[in-house]
Protein chains: 2
Amino acid sequence: VFRDIVGADYVTDNPPADHPFLTDERHLFRGRAAAIVFPKSAKELGECVRVCNDAGIAMVPQGGNTGYCGGATPDQSGRQILFSLQRLNRVIAVDRPGATITLEAGVILSSAQDIASQHNLLLPLSMGSEGSCQIGGNLSTNAGGLAVLRYGTAKEMVAGLEVVLPDGRIWSDLKGLRKDNTGYDLKQLFLGAEGTLGIITAAVLRLHPLPNTTITAWLSVADIDNAVSMLSELRENLGDCLTSFEYISRESLNLVCEHIDGARDPLQTAEGNVVLVELAAYDNGELLRERLENELERTMRNGTINDCAIAQNDTHRRSFWRLRESIPEAEKRAGGAIKHDVSVEIASLGSFIRETRQALREEFPDCRISLFGHVGDGNVHLNVLAGSDVTAAVFKRDCAEAISSRVHKLACDRHGSFSAEHGIGQLKRDLLADTADPISMELMRKIKQTLDPKGLMNPGKVV
Amino acid sequence: VFRDIVGADYVTDNPPADHPFLTDERHLFRGRAAAIVFPKSAKELGECVRVCNDAGIAMVPQGGNTGYCGGATPDQSGRQILFSLQRLNRVIAVDRPGATITLEAGVILSSAQDIASQHNLLLPLSMGSEGSCQIGGNLSTNAGGLAVLRYGTAKEMVAGLEVVLPDGRIWSDLKGLRKDNTGYDLKQLFLGAEGTLGIITAAVLRLHPLPNTTITAWLSVADIDNAVSMLSELRENLGDCLTSFEYISRESLNLVCEHIDGARDPLQTAEGNVVLVELAAYDNGELLRERLENELERTMRNGTINDCAIAQNDTHRRSFWRLRESIPEAEKRAGGAIKHDVSVEIASLGSFIRETRQALREEFPDCRISLFGHVGDGNVHLNVLAGSDVTAAVFKRDCAEAISSRVHKLACDRHGSFSAEHGIGQLKRDLLADTADPISMELMRKIKQTLDPKGLMNPGKVV
């Protein structure tokens, strides 16, 4: 019946167990599917969803399959239908005076960035996986990434949305108005809901003027407290031209230098940690660069930073960012890490990290901690790798649960989040149920029940 | 019973019909109330709401009572309870490294702005009523105002929220994290819901670095198309330092000069319309001012603008803004206007306005049109005043309905909004039901039914 809707070439029945769409990026989950269906439009998808809804068949939507929490992996029943959004890949319009882009869910993030910049506009959503992740997945997981400090998370960029509801009808608000206070803001229901309330098929995203100049600096700092001080000083003195403020611990940098070809510390330091900072200017950037240099001199004198390098050209800049973006790959090559994605209020990042390090060192004295991430957003990835005494596989098998509960508990104790940007998926679903405020869980379940009464839309994820 | 909860001094039983809380800012609606209750805390409010919920009594929350759509005015039954939030007026915390402010719903917007700026931070929400409107009302109506172009609407500033639910329980998420993807974003349900799903009692708002310099210019333009061109050119060449881009038609300016003491056109022009533009700089602003001056020279040469003045000091700047912000008062003194709050995509603002003017002129040849607003957001206030042949009262009585339907239809025909920033309240409730997409209405009603099954929370508003 799906063949009649999407065409025979676009249905894969009984895909083999090793089909790449049936496991997640981190290989934490393996699923089965009765079929993988590749609709070409919201209309086709809507018809397929209606069939599933009528027949009581559960559905799993999937974008670029780059998520970290198994949100796009079906269960092992082999009865679920996997909808790949990859053929909904049209850029529908770029509105230059209104500074918006209207596109389908399956557009690759980096393609959307490219098209925006061809119109002299900036789509600021940016992350390591941008070459393969898709807009629909970005919005469904409310992706964060490297420029949240200045531009916000994925959902904050949305001016309009189109969604296939669990019963197959299409709800559409693609007007893309900057302001529209006519009733409840329904699009918010679907943004960040990981496909559990409907399937996002298209969106209007707000764009920004394209900066003329980007200034990127690599700063050596003693610790996270110095990084946080530096953040405050730069924001106070240079304003909100600051677009990224990323932290790279010495351990993370060492992993990259060890496992990634050609990677080297730009400052050739043997110790200390790193802040990667980026600023945007709408002129040739000379004045801003001069002011940044003054700030760097001043903060080197007062001891906030120890050393620094400003990228001299785009190649140089890319080499800085490559070091930051290669951390997950380096961790993978080192055997893989027990990953965490925590946020706390910025002022207590330092004490949270110290406390967590100490707790882990006491219980797991040989473990290595690769700490990096978006300090400007209070969000760090605190990833734990096996020490030399044990293989990575054994370490993860034996220690993942204990380590993750410890890290998550310490974050929650400080009113932090155990999933700042990666979402819940199936990986953290029980954790959410166990730790969330009961009223929040009740409200979430009521919303799920109201919008998806049969529970067929990406079941087993989030709630 | 309310006296037992909030104290005898804080309940006004059977308030007189002329009590200021029982009519709205525009005097479009008059209501009655069984009592006005002034709780001091979310806890007190929660207990009062529980009493109402158990007894089946409808409730109306009210902030500064500055809304334009009657959203905070009770009905005429005399059975509703009006909750004034004005005693929930504590600023709970300012987090400087995290750049947030945590405050209760009854804090006056301008007080919150002042406190932020004492900490060298900017709360960018800004509007004419900021001296009396309250944060809770701003968030419940998703207020827009004068700096949406750069900083977004009220809801876009929210990092945390506390709400009394319709059954009296308190749902609280005041962690204020910049990023937290743990389940559905529940706060979005209450932002912009005009108190129909719960009563906002506190919030965490995100702040920005405080600009060091503000540059404000008054530009004379031939028409709205030139204004839109100027917006594109400034954004493209100066970037997103542009914080406000306001349009003032000649008719609006004339009304202000006629009715407001001391008001005069800074350029002493006899014709043409005006754009009021403001830019923020994080240094002494010299370079930005120079670049703006170059842009103004260039756009005068190419005919986009006709003349211009840059404010030379803060008094000068304030006098520009006073002209813009006095328009509603001038309209009031001229007898009052039939107000509209429409948005369309920026590229079609010009044709929308021309078409609307022509349609109104044909049907109501003597009417005067005061057009002004946030052109940078595609949002204009197209207000219609009586001509000299008829009194304002008669004009409004006889023509308001016909004029408003005409304006709203023309906006909707262009996929625009008939309420860009003022919300729905009771004024536009039927209009929403008549014009909204049926699936949207169904979803809104389901959400309302799910969260407020007894329908006691601000009934008769929005849905």
# chains A, B, ... in the order shown; residues from 1 in each chain; ligands from 1

call {"tool": "select_by_dssp", "arguments": {"residues": "region 20-265 of chain A", "states": "strand (DSSP E)", "output": "number ranges by chain"}}
result
A: 35-37, 59-62, 81-84, 91-95, 100-104, 121-122, 158-164, 170-173, 199-206, 208-209, 213-221, 242-248

call {"tool": "select_by_dssp", "arguments": {"residues": "region 238-270 of chain A", "states": "helix (DSSP H, G or I)", "output": "JSON, numbers by chain"}}
result
{"A": [238, 239, 240, 241, 250, 251, 252, 253, 254, 255, 256, 257, 258, 259]}

call {"tool": "closest_residue", "arguments": {"among": "B:Thr315, B:Thr450, B:Thr304, B:Thr269", "to": "Asp167 (chain B)", "atoms": "only C-alpha atoms"}}
result
B:Thr450

call {"tool": "closest_atom_pairs", "arguments": {"of": "chain A", "to": "chain B", "cutoff": "7 Å", "atoms": "only C-alpha atoms", "output": "CSV"}}
result
residue,atom,partner,partner_atom,distance
A:Pro97,CA,B:Ser232,CA,5.7
A:Gly98,CA,B:Ile346,CA,5.4
A:Trp171,CA,B:Ile439,CA,6.5
A:Lys175,CA,B:His415,CA,6.1
A:Leu177,CA,B:Glu345,CA,6.0
A:Arg178,CA,B:Asp377,CA,5.6
A:Lys179,CA,B:Ala420,CA,4.9
A:Asp180,CA,B:Ala420,CA,4.1
A:Asn181,CA,B:Gly423,CA,4.9
A:Thr182,CA,B:Ser419,CA,5.7
A:Gly183,CA,B:Val462,CA,6.0
A:Tyr184,CA,B:Ala193,CA,5.7
A:Gln188,CA,B:Gln188,CA,6.4
A:Gly192,CA,B:Tyr184,CA,6.6
A:Ala193,CA,B:Tyr184,CA,5.7
A:Pro209,CA,B:Gly239,CA,5.4
A:Pro211,CA,B:Gly239,CA,6.8
A:Ser232,CA,B:Pro97,CA,5.7
A:Arg235,CA,B:Pro209,CA,6.1
A:Glu236,CA,B:Pro209,CA,5.8
A:Leu238,CA,B:Tyr282,CA,5.8
A:Gly239,CA,B:Tyr282,CA,5.3
A:Asp240,CA,B:Pro209,CA,6.3
A:Tyr282,CA,B:Gly239,CA,5.3
A:Ser343,CA,B:Lys179,CA,6.9
A:Val344,CA,B:Leu177,CA,6.5
A:Glu345,CA,B:Leu177,CA,6.0
A:Ile346,CA,B:Gly98,CA,5.4
A:Ala347,CA,B:Pro97,CA,5.9
A:Asp377,CA,B:Arg178,CA,5.6
A:Gly378,CA,B:Arg178,CA,6.9
A:His415,CA,B:Lys175,CA,6.1
A:Ser417,CA,B:Asp180,CA,5.7
A:Ser419,CA,B:Asn181,CA,5.5
A:Ala420,CA,B:Asp180,CA,4.1
A:Glu421,CA,B:Asn181,CA,5.4
A:His422,CA,B:Asn181,CA,6.7
A:Gly423,CA,B:Asn181,CA,4.9
A:Ile424,CA,B:Thr182,CA,6.1
A:Leu432,CA,B:Thr182,CA,6.9
A:Ile439,CA,B:Trp171,CA,6.5
A:Met444,CA,B:Tyr184,CA,6.4
A:Lys446,CA,B:Thr450,CA,6.9
A:Thr450,CA,B:Lys446,CA,6.9
A:Val462,CA,B:Gly183,CA,6.0

call {"tool": "atom_distance", "arguments": {"atom1": "CA of Ala359 (chain A)", "atom2": "CA of Ala386 (chain A)"}}
result
15.7 Å

call {"tool": "residues_around", "arguments": {"residues": "Glu401 (chain B)", "least_positions_apart": "2", "cutoff": "12 Å", "atoms": "only C-alpha atoms", "output": "number ranges by chain"}}
result
B: 338-340, 384, 395-399, 403-409, 427-428, 431

call {"tool": "closest_residue", "arguments": {"among": "A:Gly460, A:Pro453, A:Pro61, A:Gly128", "to": "Ile199 (chain A)", "atoms": "only C-alpha atoms"}}
result
A:Pro61

call {"tool": "closest_atom_pairs", "arguments": {"of": "region 215-275 of chain B", "to": "region 320-337 of chain B", "cutoff": "7 Å", "atoms": "only C-alpha atoms", "output": "JSON lines"}}
result
{"residue": "B:Ile248", "atom": "CA", "partner": "B:Arg324", "partner_atom": "CA", "distance": 7.0}
{"residue": "B:Ser252", "atom": "CA", "partner": "B:Ile327", "partner_atom": "CA", "distance": 6.3}
{"residue": "B:Leu255", "atom": "CA", "partner": "B:Ala330", "partner_atom": "CA", "distance": 5.8}
{"residue": "B:Val256", "atom": "CA", "partner": "B:Ala330", "partner_atom": "CA", "distance": 5.2}
{"residue": "B:His259", "atom": "CA", "partner": "B:Ala330", "partner_atom": "CA", "distance": 5.4}
{"residue": "B:Ile260", "atom": "CA", "partner": "B:Ala330", "partner_atom": "CA", "distance": 6.3}
{"residue": "B:Ala263", "atom": "CA", "partner": "B:Leu323", "partner_atom": "CA", "distance": 6.6}

call {"tool": "write_last_selection", "arguments": {"atoms": "N, CA and C atoms", "output": "PDB file, in the first residue's frame"}}
result
ATOM      1  N   ILE B 248       6.835  56.127  10.668  1.00  0.00           N
ATOM      2  CA  ILE B 248       5.831  57.102  11.123  1.00  0.00           C
ATOM      3  C   ILE B 248       5.301  57.803   9.882  1.00  0.00           C
ATOM      4  N   SER B 252       0.387  60.435  10.942  1.00  0.00           N
ATOM      5  CA  SER B 252       0.637  60.173  12.367  1.00  0.00           C
ATOM      6  C   SER B 252       1.468  61.306  12.967  1.00  0.00           C
ATOM      7  N   LEU B 255      -0.672  64.347  13.541  1.00  0.00           N
ATOM      8  CA  LEU B 255      -1.511  64.185  14.735  1.00  0.00           C
ATOM      9  C   LEU B 255      -0.716  64.498  16.004  1.00  0.00           C
ATOM     10  N   VAL B 256       0.511  63.994  16.050  1.00  0.00           N
ATOM     11  CA  VAL B 256       1.340  64.220  17.241  1.00  0.00           C
ATOM     12  C   VAL B 256       1.664  65.705  17.379  1.00  0.00           C
ATOM     13  N   HIS B 259      -1.464  67.554  18.641  1.00  0.00           N
ATOM     14  CA  HIS B 259      -2.100  67.252  19.926  1.00  0.00           C
ATOM     15  C   HIS B 259      -1.140  67.120  21.104  1.00  0.00           C
ATOM     16  N   ILE B 260       0.153  67.003  20.847  1.00  0.00           N
ATOM     17  CA  ILE B 260       1.089  66.778  21.960  1.00  0.00           C
ATOM     18  C   ILE B 260       1.943  68.032  22.155  1.00  0.00           C
ATOM     19  N   ALA B 263       5.636  69.019  20.656  1.00  0.00           N
ATOM     20  CA  ALA B 263       6.080  68.104  19.607  1.00  0.00           C
ATOM     21  C   ALA B 263       6.311  68.869  18.308  1.00  0.00           C
TER      22      ALA B 263
END

call {"tool": "atom_distance", "arguments": {"atom1": "CA of Gly70 (chain A)", "atom2": "CA of Phe29 (chain A)"}}
result
6.3 Å

call {"tool": "residues_around", "arguments": {"residues": "Gly387 (chain A)", "least_positions_apart": "5", "cutoff": "9 Å", "atoms": "only C-alpha atoms", "output": "PyMOL selection string"}}
result
chain A and resi 364-368+392+395

call {"tool": "write_last_selection", "arguments": {"atoms": "N, CA and C atoms", "output": "CSV table (one decimal), in the first residue's frame"}}
result
chain,number,residue,atom,x,y,z
A,364,PHE,N,36.4,5.8,40.1
A,364,PHE,CA,37.0,5.2,38.9
A,364,PHE,C,38.3,5.8,38.7
A,365,PRO,N,39.3,5.5,39.5
A,365,PRO,CA,40.6,6.2,39.5
A,365,PRO,C,41.3,6.3,38.2
A,366,ASP,N,41.1,5.3,37.3
A,366,ASP,CA,41.8,5.3,36.1
A,366,ASP,C,41.1,5.9,34.9
A,367,CYS,N,39.9,6.3,35.1
A,367,CYS,CA,39.2,6.8,33.9
A,367,CYS,C,39.8,8.2,33.5
A,368,ARG,N,39.6,8.4,32.2
A,368,ARG,CA,40.0,9.7,31.6
A,368,ARG,C,38.8,10.6,31.3
A,392,ALA,N,38.0,-0.4,26.3
A,392,ALA,CA,36.9,0.5,26.3
A,392,ALA,C,35.6,-0.2,26.4
A,395,PHE,N,35.0,-1.4,29.9
A,395,PHE,CA,34.8,-0.2,30.7
A,395,PHE,C,33.3,0.3,30.6

call {"tool": "closest_residue", "arguments": {"among": "A:Arg79, A:Arg250, A:Arg361, A:His19", "to": "Cys52 (chain A)", "atoms": "only C-alpha atoms"}}
result
A:Arg79

call {"tool": "atom_distance", "arguments": {"atom1": "CA of Ala270 (chain A)", "atom2": "CA of Asp223 (chain A)"}}
result
14.2 Å
